[in-house]
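Peer 1: Before anything else, here's the structure in question.
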Number of protein chains: 2
Amino acid sequence: MNRKKIWLYDTTLRDGSQREGISLSLNDKLQIVRKLDEMGIPFIEGGWPGANPKDVQFFWRLKEEPLKQAQIVAFCSTRRPHQRAQDDPMLKAILAANTHWVTIFGKSWDLHVTEGLKTSLDENIAMIEDSISFLKSQGRQVIYDAEHWFDGYKNNPDYALATLQGAIASGAQWLVFCDTNGGTLPHEISQIVAEVVEKLDLDLNDPQGVQLGIHTHNDSGTAVANAIASVLEGATMVQGTINGYGERCGNANLCTLIPNLQLKLDYHCLEPAQLTQLTPNSRLISEIVNLAPDDHAPFVGRSAFAHKGGIHVSAVARNPLTYEHIVPEAIGNERRIVISDQSGLSNVLSKAQNFGIPLDKSDPKCREILQQLKTLEHEGYQFEAAEASFELLMLEALGKRHQLFTIKGFQVHSDITVAEQIPYTHALATIKLVVGEQELLEVAEGNGPVSALDCALRKALVKFYPQIANFHLTDYKVRILNSTAGTNAKTRVLVESTNGQQRWTTVGVSTNIIDASYQAVAEGLEYGINHLRQNSPMVVERS
Amino acid sequence: MNRKKIWLYDTTLRDGSQREGISLSLNDKLQIVRKLDEMGIPFIEGGWPGANPKDVQFFWRLKEEPLKQAQIVAFCSTRRPHQRAQDDPMLKAILAANTHWVTIFGKSWDLHVTEGLKTSLDENIAMIEDSISFLKSQGRQVIYDAEHWFDGYKNNPDYALATLQGAIASGAQWLVFCDTNGGTLPHEISQIVAEVVEKLDLDLNDPQGVQLGIHTHNDSGTAVANAIASVLEGATMVQGTINGYGERCGNANLCTLIPNLQLKLDYHCLEPAQLTQLTPNSRLISEIVNLAPDDHAPFVGRSAFAHKGGIHVSAVARNPLTYEHIVPEAIGNERRIVISDQSGLSNVLSKAQNFGIPLDKSDPKCREILQQLKTLEHEGYQFEAAEASFELLMLEALGKRHQLFTIKGFQVHSDITVAEQIPYTHALATIKLVVGEQELLEVAEGNGPVSALDCALRKALVKFYPQIANFHLTDYKVRILNSTAGTNAKTRVLVESTNGQQRWTTVGVSTNIIDASYQAVAEGLEYGINHLRQNSPMVVERS
């Protein structure tokens with residue numbers, strides 16, 4: 001048993017937010033940092049106060065309401081060439097952030113010193129030393145990020161090592177190897193880290209001595225493997241981001257690294273109870289940054305433990321080890337039996353169990369549901385990605401479905417008029433339905449025919465079910481099935497809805513895209529309303 | 001210099017299509033296999049003819065129109081326990097696929113033999129041997145996929161090795177180590193592959209001897225690193241999928257592996273000109289399977305070589321090596337910095353050349369086209385998979401577009417009436433347009449609003465352009481762009497048309513799906529009509 005401690009260092013708020021499409025508000029950052037703190041991440045990089053004024057405010061707010069256990073870290077470059085450290089505005093700003101720990105990054109690659117900084121190799125080492133010494137003199141603990149470490153070492157190992165020696169001499173507690181361009185492969189990482197330990201004669205077992213860290217990017221698709229390779233050579237700090245967010249192809253994904261290190265290599269990263277927060281936090285943070293969660297992400301993805309096909313399913317039921325590399329519950333994920341064409345009775349039964357619907361293998365309803373499933377899938381329905389619709393189908397077969405209303409019909413008009421080459425579009429929908437005893441006729445406009453219909457339906461129902469004011473659609477996907485039929489093709493529409501907390505997906509199929517959309521939207525409302533009203537055990541989160 | 005040949009083996013059509021949400025038509029599969037063949041992938045797994053009747057048809061179609069250079073491979077399990085190989089229906093089906101190469105998978109892990117197959121360990125080895133011997137006797141070349149190899153070897157190395165010895169003895173040419181559950185880490189892969197080579201006393205340099213392959217899954221986020229680790233230990237076949245599609249967290253991503261192996265480790269996978277097809281093919285295949293391309297994918301993602309921030313940009317401009325791990329053009333990707341980027345211009349020029357449109361670099365129209373392209377792509381248009389629309393855009397900018405008609409407007413009505421719980425749907429479109437001097441008003445019905453509009457448009461135009469009677473739509477794809485906007489989202493419609501000989505694709509974008517469909521359908525007709533009339537060199541096949 002290993003149980004060596006790995007110090008996780010999260011940089012979602014700084015490096016992660018460099019991803020194209022992410023733009024974090026102060027509030028987003030505060031929400032994320034508190035979640036990471038609760039989960040037990042020991043170091044959280046909050047930002048670069050010298051480069052980003054919004055980050056200054058963030059550090060202030062954390063002074064007012066401190067974190068529970070995590071060290072919040074401020075990030076900064078070394079002083080500029082030929083300037084005194086105490087006069088450097090960046091270093092002044094990092095001091096003003098008033099954190100116990102700071103991370104300073106400096107150049108390891110001679111090319112970047114001469115081409116980028118346009119200064120001498122000696123001056124670069126002085127910049128590293130002065131900056132660290134100054135911060136130490138101000139009572140800070142220093143992590144030194146060696147930028148472009150691996151490229152630098154490959155090109156000029158002696159110089160690269162000299163920059164690290166400067167950092168050690170001036171009091172850095174951690175040396176972090178950064179693969180800034182993300183171009184290094186795992187076997188190179190192993191070799192270079194081992195060489196550095198030897199050449200610098202580091203005693204990594206000395207608790208007072210300097211320790212090693214790793215910071216990788218995913219440009220070669222090996223960020224996680226690269227970080228693991230460093231840990232196997234003695235690195236004890238791992239820098240990364242939640243969901244692997246980051247510039248270009250992203251940073252090392254902590255949601256992948258943490259379970260690999262803890263569950264497979266037996267390092268200690270988090271307490272077991274904290275580890276079960278990994279999947280919910282991965283999804284919550286994707287909501288906060290407003291990006292769709294990656295269903296196929298290792299460990300935390302919705303599909304990571306999804307099983308298709310009868311043989312798999314019955315084998316997993318007997319012995320999960322046969323088709324699962326870890327226990328999904330350890331990281332707060334769950335096994336999912338995917339309902340599809342190929343599925344057998346065992347799939348239907350285990351789905352019913354998930355939904356909390358009592359159903360016995362010997363019940364003839366069981367085979368009926370399977371038959372209906374196959375018929376509908378043959379027609380083009382797809383329940384794999386529309387579990388809410390499948391649940392409604394099951395409830396209906398068992399006589400337990402509660403229909404909210406009876407539809408009488410709807411009409412959708414979509415007009416485009418082109419005047420002076422400029423098109424004017426208009427869409428309008430009318431709908432007629434019966435709720436209880438009451439017949440309702442509603443009309444609404446929209447950006448297009450589907451949104452008009454959606455609006456009309458909501459307008460009719462909101463009087464009876466006020467909670468739908470909080471529902472909204474988070475995704476709307478359309479697939480043409482028999483595409484060779486062109487515009488006569490059957491259309492499958494998947495609609496994902498949310499009530500702000502849960503998400504669920506419903507499906508509709510028709511040759512008429514408006515009809516297919518209607519089916520999916522209407523089932524989405526029914527599912528959401530029945531869930532909120534009944535709060536029954538059948539309804540569990542399907543995000 | 002290394003230049004050792006790596007035999008790529010693509011399984012997008014079989015293992016890749018196991019990804020939740022992918023459902024490939026016969027036509028999709030044929031389109032993908034031809035692209036992979038053109039790119040120079042030597043082995044392409046076409047499917048499992050015994051398990052999937054649709055795959056049988058696929059192999060038949062490839063007999064009619066064979067591939068240029070690739071070996072198409074049929075996939076199958078070993079015979080069932082206690083059955084003669086020649087009587088096994090699966091093995092009969094794989095023979096009927098009539099391919100030169102077959103891949104047979106068998107069990108390596110004793111647990112799966114006893115728990116899954118419920119047979120004896122000896123019988124499992126007999127199943128492997130009999131199946132391979134039988135296929136060899138029928139003139140097939142055999143690749144043996146050792147399922148659950150690494151888990152099997154860890155649990156019972158002697159038994160796992162005995163299964164491989166059986167495969168070698170019965171004539172398999174390749175032994176492929178499959179990390180079926182995706183739970184193995186790179187350092188374990190290196191160690192186990194090296195041990196197997198030693199224990200089986202394999203001479204991997206003997207061209208007549210058995211060769212090794214690797215098949216990895218991404219459940220630990222290390223599929224690519226695992227494949228590389230095997231190659232470094234002597235494996236010469238790499239199995240994977242385009243864009244890493246596959247069950248759960250996907251398979252090893254060939255779009256990541258190929259550049260790593262060829263550009264960094266100096267193996268030979270593809271010809272350099274074929275390698276430049278990697279990015280376009282990654283994106284085209286994501287269109288075919290109707291999944292949004294991953295902008296952050298290593299190497300081929302839109303953001304993979306995107307540079308933010310002033311320092312980066314000027315450093316990259318001076319010396320790309322400073323912030324880029326490879327040259328993006330080598331794989332057909334491009335650096336993205338600023339809007340007036342030179343590579344954009346050269347794109348436009350090379351497209352014009354493709355289309356046979358004379359255009360000079362110094363022509364200010366060139367920059368105008370680029371600007372318009374960027375504006376439209378920002379709005380959600382995508383011309384990568386819609387070259388016919390891009391050609392029309394170019395011709396328009398150059399004052400050479402021949403518009404067939406002027407649209408005045410259209411109205412689409414779609415009614416659904418539910419009587420006795422049975423829905424009756426009706427869709428009708430009216431359209432007003434001007435051809436030459438003549439104003440036309442037409443009306444048509446359809447299965448849905450888009451087909452009604454398509455019919456009305458054709459009805460109006462067929463009098464002037466009788467050839468459109470032979471046109472039909474071969475594909476109609478819809479993608480929602482800003483999906484979080486729900487039914488208010490922008491819709492992008494891609495329409496593929498054919499005249500029986502050529503195929504071409506057009507695009508439309510709007511918040512109104514009817515409007516977006518109209519744009520794509522109308523451009524499709526225009527492109528087809530002008531092509532047939534002029535028979536100009538600008539019109540080439542765009543399938």
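Here, A, B, ... name the chains of the structure tokens in the order displayed, residue numbers run from 1 inside each chain, and ligands are numbered from 1 in the same displayed order.
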Apply DSSP to the backbone of this structure and, from segment 54-282 of chain B, keep only the residues in strand (DSSP E or B); write these as number ranges by chain.

Peer 2: B: 71-77, 101-107, 141-147, 174-179, 211-217, 237-241, 251, 253, 268

Peer 1: After least-squares alignment of chain B to chain A over all Cα atoms in order, what RMSD do you get?

Peer 2: 6.0 Å

Peer 1: Out of segment 77-270 of chain A, which residues get helix (DSSP H, G or I) from DSSP, as a PDB file with C-alpha atoms, in the first residue's frame?

Peer 2:
ATOM      1  CA  ALA A  85      11.609  43.251  -7.580  1.00  0.00           C
ATOM      2  CA  GLN A  86      10.177  45.638  -4.978  1.00  0.00           C
ATOM      3  CA  ASP A  87       9.356  48.160  -7.737  1.00  0.00           C
ATOM      4  CA  PRO A  89       3.934  46.438 -10.412  1.00  0.00           C
ATOM      5  CA  MET A  90       3.078  42.753 -10.947  1.00  0.00           C
ATOM      6  CA  LEU A  91       4.830  41.704  -7.764  1.00  0.00           C
ATOM      7  CA  LYS A  92       3.185  44.551  -5.865  1.00  0.00           C
ATOM      8  CA  ALA A  93      -0.186  43.356  -7.076  1.00  0.00           C
ATOM      9  CA  ILE A  94       0.437  39.771  -6.000  1.00  0.00           C
ATOM     10  CA  LEU A  95       1.396  40.981  -2.527  1.00  0.00           C
ATOM     11  CA  ALA A  96      -1.790  43.011  -2.353  1.00  0.00           C
ATOM     12  CA  ASP A 110      16.705  29.859 -23.587  1.00  0.00           C
ATOM     13  CA  LEU A 111      14.836  30.570 -26.830  1.00  0.00           C
ATOM     14  CA  HIS A 112      12.044  32.276 -24.887  1.00  0.00           C
ATOM     15  CA  VAL A 113      14.507  34.356 -22.914  1.00  0.00           C
ATOM     16  CA  THR A 114      16.280  35.704 -25.965  1.00  0.00           C
ATOM     17  CA  GLU A 115      13.336  35.795 -28.400  1.00  0.00           C
ATOM     18  CA  GLY A 116      10.456  36.477 -26.027  1.00  0.00           C
ATOM     19  CA  LEU A 117      11.865  38.500 -23.131  1.00  0.00           C
ATOM     20  CA  LEU A 121      20.251  34.279 -20.009  1.00  0.00           C
ATOM     21  CA  ASP A 122      21.888  35.503 -16.803  1.00  0.00           C
ATOM     22  CA  GLU A 123      19.338  38.262 -16.314  1.00  0.00           C
ATOM     23  CA  ASN A 124      16.523  35.688 -16.597  1.00  0.00           C
ATOM     24  CA  ILE A 125      18.040  33.690 -13.735  1.00  0.00           C
ATOM     25  CA  ALA A 126      18.397  36.889 -11.714  1.00  0.00           C
ATOM     26  CA  MET A 127      14.734  37.664 -12.381  1.00  0.00           C
ATOM     27  CA  ILE A 128      13.708  34.259 -11.013  1.00  0.00           C
ATOM     28  CA  GLU A 129      15.942  34.565  -7.945  1.00  0.00           C
ATOM     29  CA  ASP A 130      15.058  38.172  -7.104  1.00  0.00           C
ATOM     30  CA  SER A 131      11.326  37.613  -7.445  1.00  0.00           C
ATOM     31  CA  ILE A 132      11.285  34.536  -5.234  1.00  0.00           C
ATOM     32  CA  SER A 133      13.616  36.080  -2.609  1.00  0.00           C
ATOM     33  CA  PHE A 134      11.505  39.217  -2.466  1.00  0.00           C
ATOM     34  CA  LEU A 135       8.253  37.297  -2.009  1.00  0.00           C
ATOM     35  CA  LYS A 136       9.863  35.104   0.652  1.00  0.00           C
ATOM     36  CA  SER A 137      11.071  38.236   2.464  1.00  0.00           C
ATOM     37  CA  TRP A 149      10.229  23.156 -18.970  1.00  0.00           C
ATOM     38  CA  PHE A 150      10.439  20.114 -21.229  1.00  0.00           C
ATOM     39  CA  ASP A 151      11.141  22.007 -24.446  1.00  0.00           C
ATOM     40  CA  GLY A 152      13.717  24.077 -22.606  1.00  0.00           C
ATOM     41  CA  TYR A 153      15.419  21.036 -21.128  1.00  0.00           C
ATOM     42  CA  LYS A 154      15.536  19.255 -24.488  1.00  0.00           C
ATOM     43  CA  ASN A 155      17.163  22.255 -26.137  1.00  0.00           C
ATOM     44  CA  PRO A 157      19.535  21.112 -20.363  1.00  0.00           C
ATOM     45  CA  ASP A 158      22.323  22.923 -18.530  1.00  0.00           C
ATOM     46  CA  TYR A 159      20.621  26.275 -18.778  1.00  0.00           C
ATOM     47  CA  ALA A 160      17.226  24.847 -17.845  1.00  0.00           C
ATOM     48  CA  LEU A 161      18.746  23.215 -14.762  1.00  0.00           C
ATOM     49  CA  ALA A 162      20.436  26.496 -13.814  1.00  0.00           C
ATOM     50  CA  THR A 163      17.026  28.234 -13.700  1.00  0.00           C
ATOM     51  CA  LEU A 164      15.774  25.566 -11.268  1.00  0.00           C
ATOM     52  CA  GLN A 165      18.899  25.882  -9.150  1.00  0.00           C
ATOM     53  CA  GLY A 166      18.179  29.608  -8.923  1.00  0.00           C
ATOM     54  CA  ALA A 167      14.638  28.914  -7.782  1.00  0.00           C
ATOM     55  CA  ILE A 168      15.793  26.421  -5.146  1.00  0.00           C
ATOM     56  CA  ALA A 169      18.540  28.726  -3.871  1.00  0.00           C
ATOM     57  CA  PRO A 186       4.811  10.374 -21.479  1.00  0.00           C
ATOM     58  CA  HIS A 187       8.051   8.434 -22.016  1.00  0.00           C
ATOM     59  CA  GLU A 188       9.928  11.716 -22.468  1.00  0.00           C
ATOM     60  CA  ILE A 189       8.381  13.084 -19.279  1.00  0.00           C
ATOM     61  CA  SER A 190       9.469  10.030 -17.284  1.00  0.00           C
ATOM     62  CA  GLN A 191      12.984  10.250 -18.594  1.00  0.00           C
ATOM     63  CA  ILE A 192      13.431  13.990 -18.092  1.00  0.00           C
ATOM     64  CA  VAL A 193      11.942  14.071 -14.571  1.00  0.00           C
ATOM     65  CA  ALA A 194      14.171  11.171 -13.501  1.00  0.00           C
ATOM     66  CA  GLU A 195      17.236  12.930 -14.947  1.00  0.00           C
ATOM     67  CA  VAL A 196      16.435  16.176 -13.160  1.00  0.00           C
ATOM     68  CA  VAL A 197      16.028  14.438  -9.804  1.00  0.00           C
ATOM     69  CA  GLU A 198      19.418  12.845 -10.320  1.00  0.00           C
ATOM     70  CA  LYS A 199      21.251  15.872 -11.701  1.00  0.00           C
ATOM     71  CA  ALA A 223      -1.934  15.476 -20.527  1.00  0.00           C
ATOM     72  CA  VAL A 224      -3.249  12.952 -18.007  1.00  0.00           C
ATOM     73  CA  ALA A 225      -0.660  10.297 -18.892  1.00  0.00           C
ATOM     74  CA  ASN A 226       2.076  12.932 -18.693  1.00  0.00           C
ATOM     75  CA  ALA A 227       1.035  13.965 -15.196  1.00  0.00           C
ATOM     76  CA  ILE A 228       0.901  10.320 -14.093  1.00  0.00           C
ATOM     77  CA  ALA A 229       4.361   9.706 -15.548  1.00  0.00           C
ATOM     78  CA  SER A 230       5.745  12.560 -13.407  1.00  0.00           C
ATOM     79  CA  VAL A 231       4.049  11.296 -10.278  1.00  0.00           C
ATOM     80  CA  LEU A 232       5.575   7.866 -10.825  1.00  0.00           C
ATOM     81  CA  ILE A 242     -11.933  20.575 -13.677  1.00  0.00           C
ATOM     82  CA  ASN A 243     -13.151  18.973 -16.922  1.00  0.00           C
ATOM     83  CA  GLY A 244      -9.764  19.705 -18.480  1.00  0.00           C
ATOM     84  CA  LEU A 254      -8.391  16.652 -12.658  1.00  0.00           C
ATOM     85  CA  CYS A 255     -11.622  14.657 -12.978  1.00  0.00           C
ATOM     86  CA  THR A 256      -9.588  12.001 -14.793  1.00  0.00           C
ATOM     87  CA  LEU A 257      -6.363  12.330 -12.844  1.00  0.00           C
ATOM     88  CA  ILE A 258      -7.781  12.125  -9.348  1.00  0.00           C
ATOM     89  CA  PRO A 259      -9.489   8.706  -9.749  1.00  0.00           C
ATOM     90  CA  ASN A 260      -6.507   7.314 -11.656  1.00  0.00           C
ATOM     91  CA  LEU A 261      -4.117   8.379  -8.894  1.00  0.00           C
ATOM     92  CA  GLN A 262      -6.293   7.429  -5.984  1.00  0.00           C
ATOM     93  CA  LEU A 263      -8.248   4.366  -7.127  1.00  0.00           C
ATOM     94  CA  LYS A 264      -5.646   2.751  -9.375  1.00  0.00           C
TER      95      LYS A 264
END

Peer 1: Excluding segment 60-65 of chain B and any residue of its chain fewer than 5 positions from it, enumerate the residues within 10 Å of it, using only C-alpha atoms, and give them as number ranges by chain.

Peer 2: B: 26, 30, 33-34, 46, 55, 72, 96-99

Peer 1: List as a list in words the protein and nucleic acid residues near Asn27 of chain A, meaning an atom at most 10 Å away when only C-alpha atoms are counted, but skip any in the same chain fewer than 5 places from it.

Peer 2: Ile32, Val33, Phe58 and Ile288 of chain A

Peer 1: Choose the residue, out of B:Gly171, B:Pro207, B:Gly528, B:Pro298, that has the smallest atom-to-atom separation from Leu404 of chain B; count only C-alpha atoms.

Peer 2: B:Gly528

Peer 1: What's the separation between atom CA of Thr279 of chain B and atom CA of Ile331 of chain B, in Å to one decimal place?

Peer 2: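 About the pair atom CA of Thr279 of chain B and atom CA of Ile331 of chain B: they are 6.1 Å apart.
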
Peer 1: May I ask which of the residues B:Gln71, B:Thr322, B:Ser220, B:Ser350 is the closest one to Ala297 of chain A, counting only C-alpha atoms?

Peer 2: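 Nearest to Ala297 of chain A: B:Ser220.
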